[in-house]
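Pasted below: coords_14.cif, mmCIF, C-alpha atoms and all ligand atoms.
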```
data_run
loop_
_atom_site.label_atom_id
_atom_site.label_comp_id
_atom_site.auth_asym_id
_atom_site.auth_seq_id
_atom_site.Cartn_x
_atom_site.Cartn_y
_atom_site.Cartn_z
CA HIS A 1044 0.00 0.00 0.00
CA ASP A 1045 2.77 2.42 1.07
CA ALA A 1046 4.81 1.41 -1.92
CA LYS A 1047 1.89 2.25 -4.16
CA ARG A 1048 1.43 5.65 -2.55
CA LEU A 1049 5.13 6.27 -2.85
CA HIS A 1050 4.99 5.32 -6.46
CA SER A 1051 2.15 7.70 -7.26
CA GLY A 1052 3.93 10.45 -5.33
CA PHE A 1053 7.03 9.86 -7.36
CA HIS A 1054 5.01 9.88 -10.54
CA ARG A 1055 3.61 13.30 -9.68
CA PHE A 1056 7.11 14.49 -8.81
CA GLU A 1057 8.42 13.21 -12.11
CA GLN A 1058 5.60 14.86 -14.02
CA ALA A 1059 6.15 18.17 -12.28
CA HIS A 1060 9.79 18.01 -13.24
CA ARG A 1061 9.05 17.12 -16.80
CA HIS A 1062 6.65 20.06 -16.85
CA ASP A 1063 9.40 22.37 -15.53
CA ALA A 1064 11.86 21.03 -18.06
CA ASP A 1065 9.36 21.54 -20.90
CA ALA A 1066 8.65 25.07 -19.75
CA ARG A 1067 12.37 25.85 -19.60
CA LEU A 1068 12.93 24.42 -23.04
CA SER A 1069 10.15 26.44 -24.60
CA LEU A 1070 11.37 29.59 -22.85
CA LEU A 1071 14.85 28.95 -24.25
CA GLY A 1072 13.49 28.54 -27.76
CA ASP A 1073 11.59 31.80 -27.36
CA LEU A 1074 14.70 33.52 -26.01
CA ARG A 1075 16.78 32.34 -28.94
CA ARG A 1076 14.28 34.04 -31.26
CA ALA A 1077 14.11 37.13 -29.03
CA LEU A 1078 17.86 37.76 -29.21
CA ASP A 1079 17.81 39.27 -32.67
CA ASP A 1080 14.44 40.92 -32.35
CA PRO A 1081 14.67 44.57 -31.27
CA ASP A 1082 10.92 44.55 -30.57
CA GLN A 1083 11.42 41.89 -27.91
CA LEU A 1084 14.78 42.45 -26.25
CA THR A 1085 15.67 45.97 -25.15
CA LEU A 1086 17.59 47.72 -22.41
CA HIS A 1087 16.28 50.14 -19.86
CA TYR A 1088 18.67 52.48 -18.10
CA GLN A 1089 18.54 53.40 -14.43
CA PRO A 1090 20.38 56.54 -13.27
CA LYS A 1091 23.14 56.32 -10.67
CA VAL A 1092 23.45 59.61 -8.82
CA ALA A 1093 25.98 61.23 -6.49
CA VAL A 1094 24.60 61.12 -2.94
CA CYS A 1095 25.99 64.57 -2.07
CA SER A 1096 24.70 66.50 -5.08
CA GLY A 1097 22.13 64.33 -6.83
CA ALA A 1098 24.10 64.68 -10.09
CA LEU A 1099 23.89 61.85 -12.59
CA VAL A 1100 27.13 59.87 -12.56
CA GLY A 1101 26.17 56.97 -14.81
CA VAL A 1102 23.46 54.46 -15.66
CA GLU A 1103 22.90 50.74 -15.22
CA ALA A 1104 21.61 48.87 -18.25
CA LEU A 1105 18.86 46.38 -17.36
CA ALA A 1106 17.53 43.85 -19.84
CA ARG A 1107 13.84 43.91 -20.73
CA TRP A 1108 12.11 41.15 -22.63
CA ARG A 1109 8.67 41.58 -24.12
CA HIS A 1110 7.48 38.10 -25.06
CA PRO A 1111 5.21 38.15 -28.14
CA SER A 1112 2.36 36.33 -26.36
CA ARG A 1113 3.23 36.45 -22.64
CA GLY A 1114 4.19 40.13 -22.50
CA PRO A 1115 7.02 41.38 -20.26
CA ILE A 1116 9.10 38.67 -18.58
CA SER A 1117 11.37 39.69 -15.72
CA PRO A 1118 15.13 39.13 -15.96
CA ALA A 1119 14.81 37.40 -12.59
CA GLU A 1120 12.87 34.72 -14.48
CA PHE A 1121 14.81 34.36 -17.72
CA ILE A 1122 18.44 35.09 -16.70
CA PRO A 1123 18.72 31.91 -14.58
CA VAL A 1124 17.34 29.86 -17.49
CA LEU A 1125 19.90 31.36 -19.87
CA GLU A 1126 22.74 31.01 -17.42
CA VAL A 1127 22.78 27.21 -17.60
CA THR A 1128 23.13 27.24 -21.38
CA SER A 1129 25.68 28.54 -23.83
CA LEU A 1130 23.00 30.89 -25.19
CA MET A 1131 24.07 33.16 -22.31
CA HIS A 1132 27.13 34.13 -24.35
CA ARG A 1133 24.98 35.40 -27.20
CA PHE A 1134 22.71 37.22 -24.80
CA THR A 1135 25.64 39.00 -23.13
CA GLU A 1136 27.04 39.90 -26.52
CA GLN A 1137 23.68 41.35 -27.51
CA VAL A 1138 23.33 43.34 -24.28
CA LEU A 1139 26.86 44.74 -24.61
CA THR A 1140 26.24 45.66 -28.23
CA MET A 1141 23.04 47.52 -27.38
CA ALA A 1142 24.65 49.27 -24.39
CA LEU A 1143 27.74 50.37 -26.32
CA ASN A 1144 25.67 51.57 -29.27
CA GLN A 1145 23.68 53.65 -26.81
CA ALA A 1146 26.86 54.99 -25.20
CA ARG A 1147 28.07 55.93 -28.68
CA GLU A 1148 24.82 57.73 -29.41
CA TRP A 1149 25.01 59.68 -26.15
CA LEU A 1150 28.67 60.54 -26.73
CA ASP A 1151 27.78 61.83 -30.18
CA ALA A 1152 25.16 64.05 -28.56
CA GLY A 1153 27.76 65.36 -26.11
CA HIS A 1154 26.77 63.28 -23.06
CA ARG A 1155 29.43 61.27 -21.28
CA VAL A 1156 27.34 58.71 -19.47
CA PRO A 1157 29.25 55.69 -18.19
CA ILE A 1158 27.13 52.55 -18.66
CA ALA A 1159 27.19 49.60 -16.28
CA VAL A 1160 26.27 46.20 -17.74
CA ASN A 1161 25.43 43.12 -15.67
CA VAL A 1162 27.68 40.24 -16.64
CA SER A 1163 26.75 36.75 -15.47
CA PRO A 1164 29.30 34.30 -14.06
CA ARG A 1165 29.16 32.18 -17.17
CA SER A 1166 30.04 35.12 -19.41
CA LEU A 1167 32.69 36.60 -17.12
CA LEU A 1168 34.42 33.22 -16.90
CA ASP A 1169 34.29 32.66 -20.66
CA PRO A 1170 37.96 32.99 -21.71
CA ALA A 1171 36.85 34.78 -24.91
CA PHE A 1172 34.89 37.45 -23.01
CA PRO A 1173 37.57 40.16 -22.61
CA ASP A 1174 38.43 39.91 -26.32
CA ARG A 1175 34.77 40.27 -27.23
CA VAL A 1176 34.54 43.38 -25.09
CA ALA A 1177 37.69 44.77 -26.73
CA ALA A 1178 36.21 44.12 -30.19
CA LEU A 1179 32.91 45.82 -29.34
CA LEU A 1180 34.68 48.84 -27.85
CA ALA A 1181 36.76 49.13 -31.01
CA GLU A 1182 33.71 48.76 -33.27
CA THR A 1183 31.73 51.45 -31.47
CA GLY A 1184 34.71 53.67 -30.63
CA VAL A 1185 33.50 53.98 -27.03
CA PRO A 1186 36.38 54.54 -24.57
CA GLY A 1187 36.81 51.59 -22.19
CA ASP A 1188 36.33 53.77 -19.13
CA GLN A 1189 32.74 54.48 -20.21
CA LEU A 1190 31.89 50.82 -19.54
CA CYS A 1191 31.57 49.09 -16.18
CA VAL A 1192 30.86 45.39 -15.68
CA GLU A 1193 28.71 44.47 -12.69
CA VAL A 1194 29.47 41.01 -11.40
CA THR A 1195 28.13 39.28 -8.31
CA GLU A 1196 30.21 37.96 -5.45
CA TYR A 1197 29.03 34.54 -6.47
CA ALA A 1198 30.66 34.84 -9.92
CA LEU A 1199 33.88 35.99 -8.33
CA MET A 1200 33.95 33.21 -5.76
CA SER A 1201 33.00 30.32 -8.04
CA ASP A 1202 36.36 30.46 -9.81
CA PRO A 1203 38.41 33.25 -8.22
CA GLU A 1204 41.52 32.82 -10.33
CA ALA A 1205 39.66 32.92 -13.64
CA ALA A 1206 37.54 35.86 -12.44
CA ILE A 1207 40.61 37.85 -11.39
CA GLU A 1208 42.29 37.11 -14.72
CA ALA A 1209 39.21 38.30 -16.63
CA LEU A 1210 38.94 41.48 -14.56
CA HIS A 1211 42.63 42.25 -15.09
CA ARG A 1212 42.21 41.88 -18.83
CA LEU A 1213 39.15 44.17 -18.72
CA HIS A 1214 41.08 46.70 -16.65
CA GLY A 1215 43.71 46.64 -19.36
CA LEU A 1216 41.00 48.00 -21.67
CA GLY A 1217 40.12 50.70 -19.17
CA VAL A 1218 36.85 48.94 -18.33
CA LYS A 1219 35.67 49.34 -14.72
CA ALA A 1220 34.29 46.59 -12.51
CA SER A 1221 31.72 46.57 -9.75
CA ILE A 1222 30.69 43.91 -7.24
CA ASP A 1223 26.89 43.74 -7.43
CA ASP A 1224 24.55 42.74 -4.59
CA TYR A 1225 27.44 43.09 -2.18
CA GLY A 1226 26.75 41.55 1.21
CA THR A 1227 24.61 38.67 -0.05
CA GLY A 1228 27.57 36.46 -0.93
CA TYR A 1229 30.51 35.54 1.20
CA SER A 1230 33.66 37.15 -0.11
CA SER A 1231 36.25 37.44 2.62
CA MET A 1232 38.02 40.71 3.25
CA THR A 1233 41.38 39.21 2.32
CA TYR A 1234 39.96 38.19 -0.96
CA LEU A 1235 38.29 41.53 -1.59
CA LYS A 1236 41.72 43.15 -1.36
CA LEU A 1237 42.96 41.00 -4.26
CA LEU A 1238 40.07 41.76 -6.59
CA PRO A 1239 40.69 44.27 -9.36
CA VAL A 1240 37.38 46.09 -8.85
CA ASP A 1241 36.49 49.78 -8.64
CA GLU A 1242 33.11 49.74 -6.98
CA LEU A 1243 31.04 47.97 -4.33
CA LYS A 1244 27.28 47.93 -4.77
CA ILE A 1245 25.52 47.31 -1.49
CA ASP A 1246 22.54 45.01 -1.90
CA ARG A 1247 19.07 46.49 -1.70
CA SER A 1248 18.12 44.26 1.25
CA PHE A 1249 20.45 46.24 3.54
CA VAL A 1250 19.56 49.62 2.09
CA LYS A 1251 15.82 49.01 2.31
CA ASP A 1252 15.82 48.56 6.10
CA MET A 1253 18.41 51.20 6.83
CA ALA A 1254 16.17 54.03 7.99
CA ASP A 1255 14.42 52.02 10.76
CA ASP A 1256 16.85 49.23 11.43
CA GLN A 1257 19.98 50.09 13.40
CA SER A 1258 21.83 46.90 12.46
CA SER A 1259 21.24 47.37 8.71
CA ARG A 1260 22.50 50.93 9.07
CA ALA A 1261 25.60 49.68 10.88
CA LEU A 1262 26.22 47.13 8.13
CA VAL A 1263 25.90 49.74 5.40
CA ALA A 1264 28.16 52.14 7.31
CA SER A 1265 30.87 49.54 7.83
CA THR A 1266 30.66 48.47 4.19
CA VAL A 1267 31.11 52.06 3.07
CA GLU A 1268 34.12 52.34 5.35
CA LEU A 1269 35.57 49.07 4.12
CA GLY A 1270 35.07 50.06 0.48
CA HIS A 1271 36.67 53.46 1.02
CA SER A 1272 39.65 51.95 2.84
CA LEU A 1273 40.20 49.78 -0.25
CA GLY A 1274 39.91 52.81 -2.52
CA LEU A 1275 36.55 51.77 -3.97
CA THR A 1276 33.48 53.80 -4.83
CA VAL A 1277 30.47 52.62 -2.85
CA VAL A 1278 27.00 52.52 -4.34
CA ALA A 1279 23.73 51.86 -2.52
CA GLU A 1280 21.08 50.13 -4.62
CA GLY A 1281 17.33 50.15 -3.99
CA VAL A 1282 17.12 53.67 -2.53
CA GLU A 1283 13.39 54.25 -2.30
CA ASP A 1284 12.94 57.28 -0.04
CA GLN A 1285 14.42 60.49 1.29
CA ASP A 1286 15.14 58.90 4.70
CA ALA A 1287 17.51 56.47 3.03
CA VAL A 1288 19.20 59.34 1.19
CA HIS A 1289 19.72 61.20 4.49
CA ALA A 1290 21.17 58.12 6.15
CA LEU A 1291 23.49 57.49 3.19
CA ARG A 1292 24.65 61.08 3.23
CA ALA A 1293 25.43 60.86 6.95
CA ILE A 1294 27.38 57.66 6.36
CA GLY A 1295 29.35 59.10 3.44
CA CYS A 1296 28.15 56.70 0.75
CA ASP A 1297 29.22 57.96 -2.70
CA THR A 1298 26.49 56.92 -5.10
CA ALA A 1299 22.84 55.91 -4.96
CA GLN A 1300 20.44 54.19 -7.28
CA GLY A 1301 16.77 53.48 -6.76
CA TYR A 1302 13.15 54.34 -7.38
CA HIS A 1303 13.49 57.49 -5.24
CA PHE A 1304 15.62 58.99 -8.00
CA ALA A 1305 14.37 57.14 -11.05
CA LYS A 1306 13.10 53.79 -12.24
CA PRO A 1307 14.89 52.06 -15.09
CA LEU A 1308 13.86 54.06 -18.18
CA PRO A 1309 13.81 53.48 -21.92
CA ALA A 1310 16.78 55.14 -23.65
CA GLU A 1311 14.64 57.91 -25.17
CA ALA A 1312 13.34 58.99 -21.75
CA LEU A 1313 16.88 59.23 -20.44
CA THR A 1314 18.04 61.09 -23.52
CA ALA A 1315 15.38 63.70 -22.83
CA GLN A 1316 16.60 64.01 -19.22
CA LEU A 1317 20.20 64.31 -20.36
CA ALA A 1318 19.30 67.09 -22.73
CA ALA A 1319 17.70 68.96 -19.81
CA GLN A 1320 20.51 68.25 -17.30
CA PRO A 1321 23.85 67.55 -18.93
CA VAL A 1322 26.39 65.35 -17.14
CA ARG A 1323 29.42 67.16 -15.86
P1 LIG B 1 20.62 43.97 -10.26
O1 LIG B 1 21.76 44.03 -11.20
O2 LIG B 1 20.94 43.97 -8.82
O3 LIG B 1 19.66 45.19 -10.66
C1 LIG B 1 18.88 45.91 -9.77
C2 LIG B 1 17.43 45.48 -9.80
O4 LIG B 1 16.70 46.22 -8.81
C3 LIG B 1 16.74 45.76 -11.12
O5 LIG B 1 15.73 44.77 -11.30
C4 LIG B 1 16.08 47.12 -10.85
O6 LIG B 1 14.97 47.39 -11.69
C5 LIG B 1 15.66 46.95 -9.42
N1 LIG B 1 15.56 48.23 -8.70
C6 LIG B 1 16.21 49.38 -8.93
N2 LIG B 1 15.89 50.32 -8.01
C7 LIG B 1 15.02 49.73 -7.16
C8 LIG B 1 14.30 50.20 -5.99
O7 LIG B 1 14.43 51.33 -5.55
N3 LIG B 1 13.48 49.30 -5.38
C9 LIG B 1 13.32 48.03 -5.85
N4 LIG B 1 12.48 47.22 -5.19
N5 LIG B 1 13.97 47.56 -6.93
C10 LIG B 1 14.81 48.41 -7.59
P2 LIG B 1 15.53 44.02 -12.71
O8 LIG B 1 15.70 44.99 -13.82
O9 LIG B 1 14.27 43.24 -12.61
O10 LIG B 1 16.76 43.04 -12.76
C11 LIG B 1 16.90 41.99 -11.82
C12 LIG B 1 18.24 41.33 -11.92
O11 LIG B 1 18.37 40.65 -13.19
C13 LIG B 1 19.42 42.31 -11.89
O12 LIG B 1 19.73 42.65 -10.55
C14 LIG B 1 20.50 41.49 -12.55
O13 LIG B 1 21.07 40.58 -11.64
C15 LIG B 1 19.71 40.69 -13.59
N6 LIG B 1 19.83 41.35 -14.90
C16 LIG B 1 19.13 42.37 -15.45
N7 LIG B 1 19.58 42.67 -16.68
C17 LIG B 1 20.62 41.83 -16.93
C18 LIG B 1 21.52 41.63 -18.04
O14 LIG B 1 21.49 42.35 -19.06
N8 LIG B 1 22.46 40.64 -17.93
C19 LIG B 1 22.54 39.85 -16.80
N9 LIG B 1 23.49 38.88 -16.75
N10 LIG B 1 21.72 40.01 -15.73
C20 LIG B 1 20.78 40.98 -15.81
MG MG B 2 23.39 45.18 -11.36
MG MG B 3 22.33 44.73 -7.68
MG MG B 4 20.07 42.65 -7.19
#
```
Show the structure stored in the file as structure tokens.
Amino acid sequence: HDAKRLHSGFHRFEQAHRHDADARLSLLGDLRRALDDPDQLTLHYQPKVAVCSGALVGVEALARWRHPSRGPISPAEFIPVLEVTSLMHRFTEQVLTMALNQAREWLDAGHRVPIAVNVSPRSLLDPAFPDRVAALLAETGVPGDQLCVEVTEYALMSDPEAAIEALHRLHGLGVKASIDDYGTGYSSMTYLKLLPVDELKIDRSFVKDMADDQSSRALVASTVELGHSLGLTVVAEGVEDQDAVHALRAIGCDTAQGYHFAKPLPAEALTAQLAAQPVR
């Protein structure tokens, strides 16, 4: 009797998995088609601003996918699906191409807006990646220092030697590097010292609770101090209200990003803002 129940339980389990696998496969097929379709895959740009003055200091490019029948699908849903396949390389290439073309367009209009691009572990650890970046910079004529790669602690820790090598090669091109979602991984301080990065981005989860939660505030403050002692710029992500801005200013955090300042915007919306308030 038990064996039978076990069997039917397993059958359901197996079916659920097959269902998941089918869903992933069909999403991948759809993604493959989306890659070359400018109506489906676009980038939005979220301003990064100086905490002290509110001036725009750069933007983060965030992928947006409008599925032809399902509508918008969040990167939180499709990035993990891509990451376990080699299609991730094409996706990263596409995102970089779109971002650098946009940087070129803004440069031509007289706006120097550094663009940060999220680079997944799989792409960062691809030995061909730095050469691809070099080729795209050369094709678009965008100076390397106008590009920043955002990588998570996880990517850096999964194969530290390869990650460090990749970041050194990117630095050789003038490209900056940022550790995204800082505080959610487990990079040791010793290790942090060895990483060729320019920026720490404190994860939203700490920033969100900062105004009312003393321990979050202490964590953010000590991260800012740590970053500064290593010569890094520190960015707070997920800044949603003025209280957070005040706290960040008191702590001496350099840069902020979040809905309080602006949501991720289509390029045209940002272009209009740039025209009104040029970057220094
Ligand atoms: P992330 O790199 O940490 O990006 C920040 C996320 O927080 C973005 O979500 C952004 O829209 C959201 N956000 C910004 N300000 C606020 C705020 O004040 N409050 C709240 N609640 N959220 C805020 P999004 O665009 O859905 O992207 C989610 C994640 O997907 C990104 O996290 C990044 O890890 C990944 N991702 C997005 N685009 C790309 C891409 O082109 N390539 C790769 N590899 N990953 C990407
Ligand atoms: Mg990011
Ligand atoms: Mg982040
Ligand atoms: Mg995040």
Got a sec: who's within 12 Å of Leu1070 in chain A, counting only C-alpha atoms, leaving out chain neighbours fewer than 2 positions off, as number ranges by chain?
A: 1063-1068, 1072-1077, 1108, 1110-1113, 1116, 1120-1125, 1130
Any idea what's packed within 9 Å of Lys1219 in chain A, counting all atoms listed in the file, ignoring anything in its chain fewer than 6 positions away? Could you give it as an NGL selection string?
:A and (1159 or 1187-1193 or 1210 or 1213 or 1239-1242)
Residues near range 1133-1141 of chain A, anyone? I mean within 7 Å using all atoms listed in the file, not counting same-chain ones fewer than 6 positions away, as number ranges by chain.
A: 1078, 1162, 1166, 1179
Using only C-alpha atoms and all ligand atoms, what does the table of chain A residues within 9 Å of ligand MG 4 (chain B) look like, with each row giving the shortest atom pair and its distance in Å to one decimal, sorted by chain and ascending number, as JSON lines?
```
{"residue": "A:Thr1195", "atom": "CA", "partner": "B:MG4", "partner_atom": "MG", "distance": 8.8}
{"residue": "A:Asp1223", "atom": "CA", "partner": "B:MG4", "partner_atom": "MG", "distance": 6.9}
{"residue": "A:Asp1224", "atom": "CA", "partner": "B:MG4", "partner_atom": "MG", "distance": 5.2}
{"residue": "A:Tyr1225", "atom": "CA", "partner": "B:MG4", "partner_atom": "MG", "distance": 8.9}
{"residue": "A:Asp1246", "atom": "CA", "partner": "B:MG4", "partner_atom": "MG", "distance": 6.3}
{"residue": "A:Arg1247", "atom": "CA", "partner": "B:MG4", "partner_atom": "MG", "distance": 6.8}
{"residue": "A:Ser1248", "atom": "CA", "partner": "B:MG4", "partner_atom": "MG", "distance": 8.8}
{"residue": "A:Glu1280", "atom": "CA", "partner": "B:MG4", "partner_atom": "MG", "distance": 8.0}
{"residue": "A:Gly1281", "atom": "CA", "partner": "B:MG4", "partner_atom": "MG", "distance": 8.6}
```
For a quick check of your reading of the model, name the residues lying within 8 Å of the coordinate (31.3, 53.7, -3.4), counting only C-alpha atoms, and write them as a PDB file with C-alpha atoms, keeping the file's coordinate frame.
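And here is the file that came out, out32.pdb:
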```pdb
ATOM      1  CA  GLU A1242      33.110  49.740  -6.980  1.00  0.00           C
ATOM      2  CA  LEU A1243      31.040  47.970  -4.330  1.00  0.00           C
ATOM      3  CA  LYS A1244      27.280  47.930  -4.770  1.00  0.00           C
ATOM      4  CA  VAL A1267      31.110  52.060   3.070  1.00  0.00           C
ATOM      5  CA  GLY A1270      35.070  50.060   0.480  1.00  0.00           C
ATOM      6  CA  HIS A1271      36.670  53.460   1.020  1.00  0.00           C
ATOM      7  CA  LEU A1275      36.550  51.770  -3.970  1.00  0.00           C
ATOM      8  CA  THR A1276      33.480  53.800  -4.830  1.00  0.00           C
ATOM      9  CA  VAL A1277      30.470  52.620  -2.850  1.00  0.00           C
ATOM     10  CA  VAL A1278      27.000  52.520  -4.340  1.00  0.00           C
ATOM     11  CA  ALA A1279      23.730  51.860  -2.520  1.00  0.00           C
ATOM     12  CA  CYS A1296      28.150  56.700   0.750  1.00  0.00           C
ATOM     13  CA  ASP A1297      29.220  57.960  -2.700  1.00  0.00           C
ATOM     14  CA  THR A1298      26.490  56.920  -5.100  1.00  0.00           C
TER      15      THR A1298
END
```
Got a sec: who's within 12 Å of Asp1151 in chain A, counting all atoms listed in the file, leaving out chain neighbours fewer than 6 positions off, as a compact mmCIF listing (two decimals) with C-alpha atoms, in the frame of the given file?
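Output saved as result-v4.txt:
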```
# COMPACT_ATOMS: atom_id res chain seq x y z
CA ASN A 1144 25.67 51.57 -29.27
CA GLN A 1145 23.68 53.65 -26.81
CA THR A 1183 31.73 51.45 -31.47
CA GLY A 1184 34.71 53.67 -30.63
CA VAL A 1185 33.50 53.98 -27.03
CA THR A 1314 18.04 61.09 -23.52
```
What does the distance between CA of Asp1286 in chain A and atom C6 of ligand LIG 1 (chain B) come to in Å, to one decimal place?
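Computing it gives 16.7 Å between the two atoms.
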Set up a box along x, y and z of the file covering all listed atoms of range 1314-1319 of chain A, add 4 Å on every one of the six sides, and write the centre and edge lengths in Å to one decimal, as JSON.
```
{"center_x": 17.8, "center_y": 65.0, "center_z": -21.4, "size_x": 12.8, "size_y": 15.9, "size_z": 12.3}
```
With distances taken over only C-alpha atoms and all ligand atoms, the candidate from A:Pro1118, A:Gly1228, A:Pro1309, A:Pro1090 nearest ligand LIG 1 (chain B) is A:Pro1118
Dump as number ranges by chain all residues having an atom at most 6 Å from (24.3, 46.0, 2.2), computed in the file's coordinates with all atoms listed in the file.
A: 1226, 1245-1246, 1249-1250, 1263
Could you jot down the CA of Glu1103 in chain A to CA of Asn1161 in chain A separation for me, Å, one decimal place?
8.0 Å
In Å to one decimal, how far is CA of Ala1287 in chain A from CA of Met1253 in chain A?
6.6 Å
Compile the contact shell of range 1231-1238 of chain A as a list in words: residues with an atom at most 10 Å away, counting all atoms listed in the file, same-chain residues fewer than 4 positions apart removed.
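Final neighbour list, sorted by chain and number: Glu1196, Leu1199, Met1200, Pro1203, Glu1204, Ala1206, Ile1207, Glu1208, Leu1210, His1211, Ala1220, Ile1222, Leu1269, Gly1270, Ser1272, Leu1273 and Gly1274 of chain A.
For the set A:Ser1258, A:Tyr1302, A:Thr1227, A:Ala1312, the residue with the smallest atom-to-atom gap to ligand MG 3 (chain B) is A:Thr1227, counting all atoms listed in the file.
Using all atoms listed in the file, the smallest distance between any of A:Pro1115, A:Gly1153, A:Gly1301, A:Gly1097 and ligand MG 2 (chain B) comes from A:Gly1301.
Proximity to Ala1319 in chain A was assessed for A:Lys1251, A:His1303, A:Ala1264, A:His1154 counting only C-alpha atoms; the smallest distance is recorded for A:His1154.
The closest residue to Ala1315 in chain A, picked from A:Ser1051, A:Ala1152, A:His1132, A:Gly1295 and counting only C-alpha atoms, is A:Ala1152.
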Using only C-alpha atoms and all ligand atoms: which of A:Glu1126, A:Cys1095, A:Gln1083, A:Gln1300 has the shortest distance to ligand MG 3 (chain B)
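The closest residue to ligand MG 3 (chain B) is A:Gln1300.
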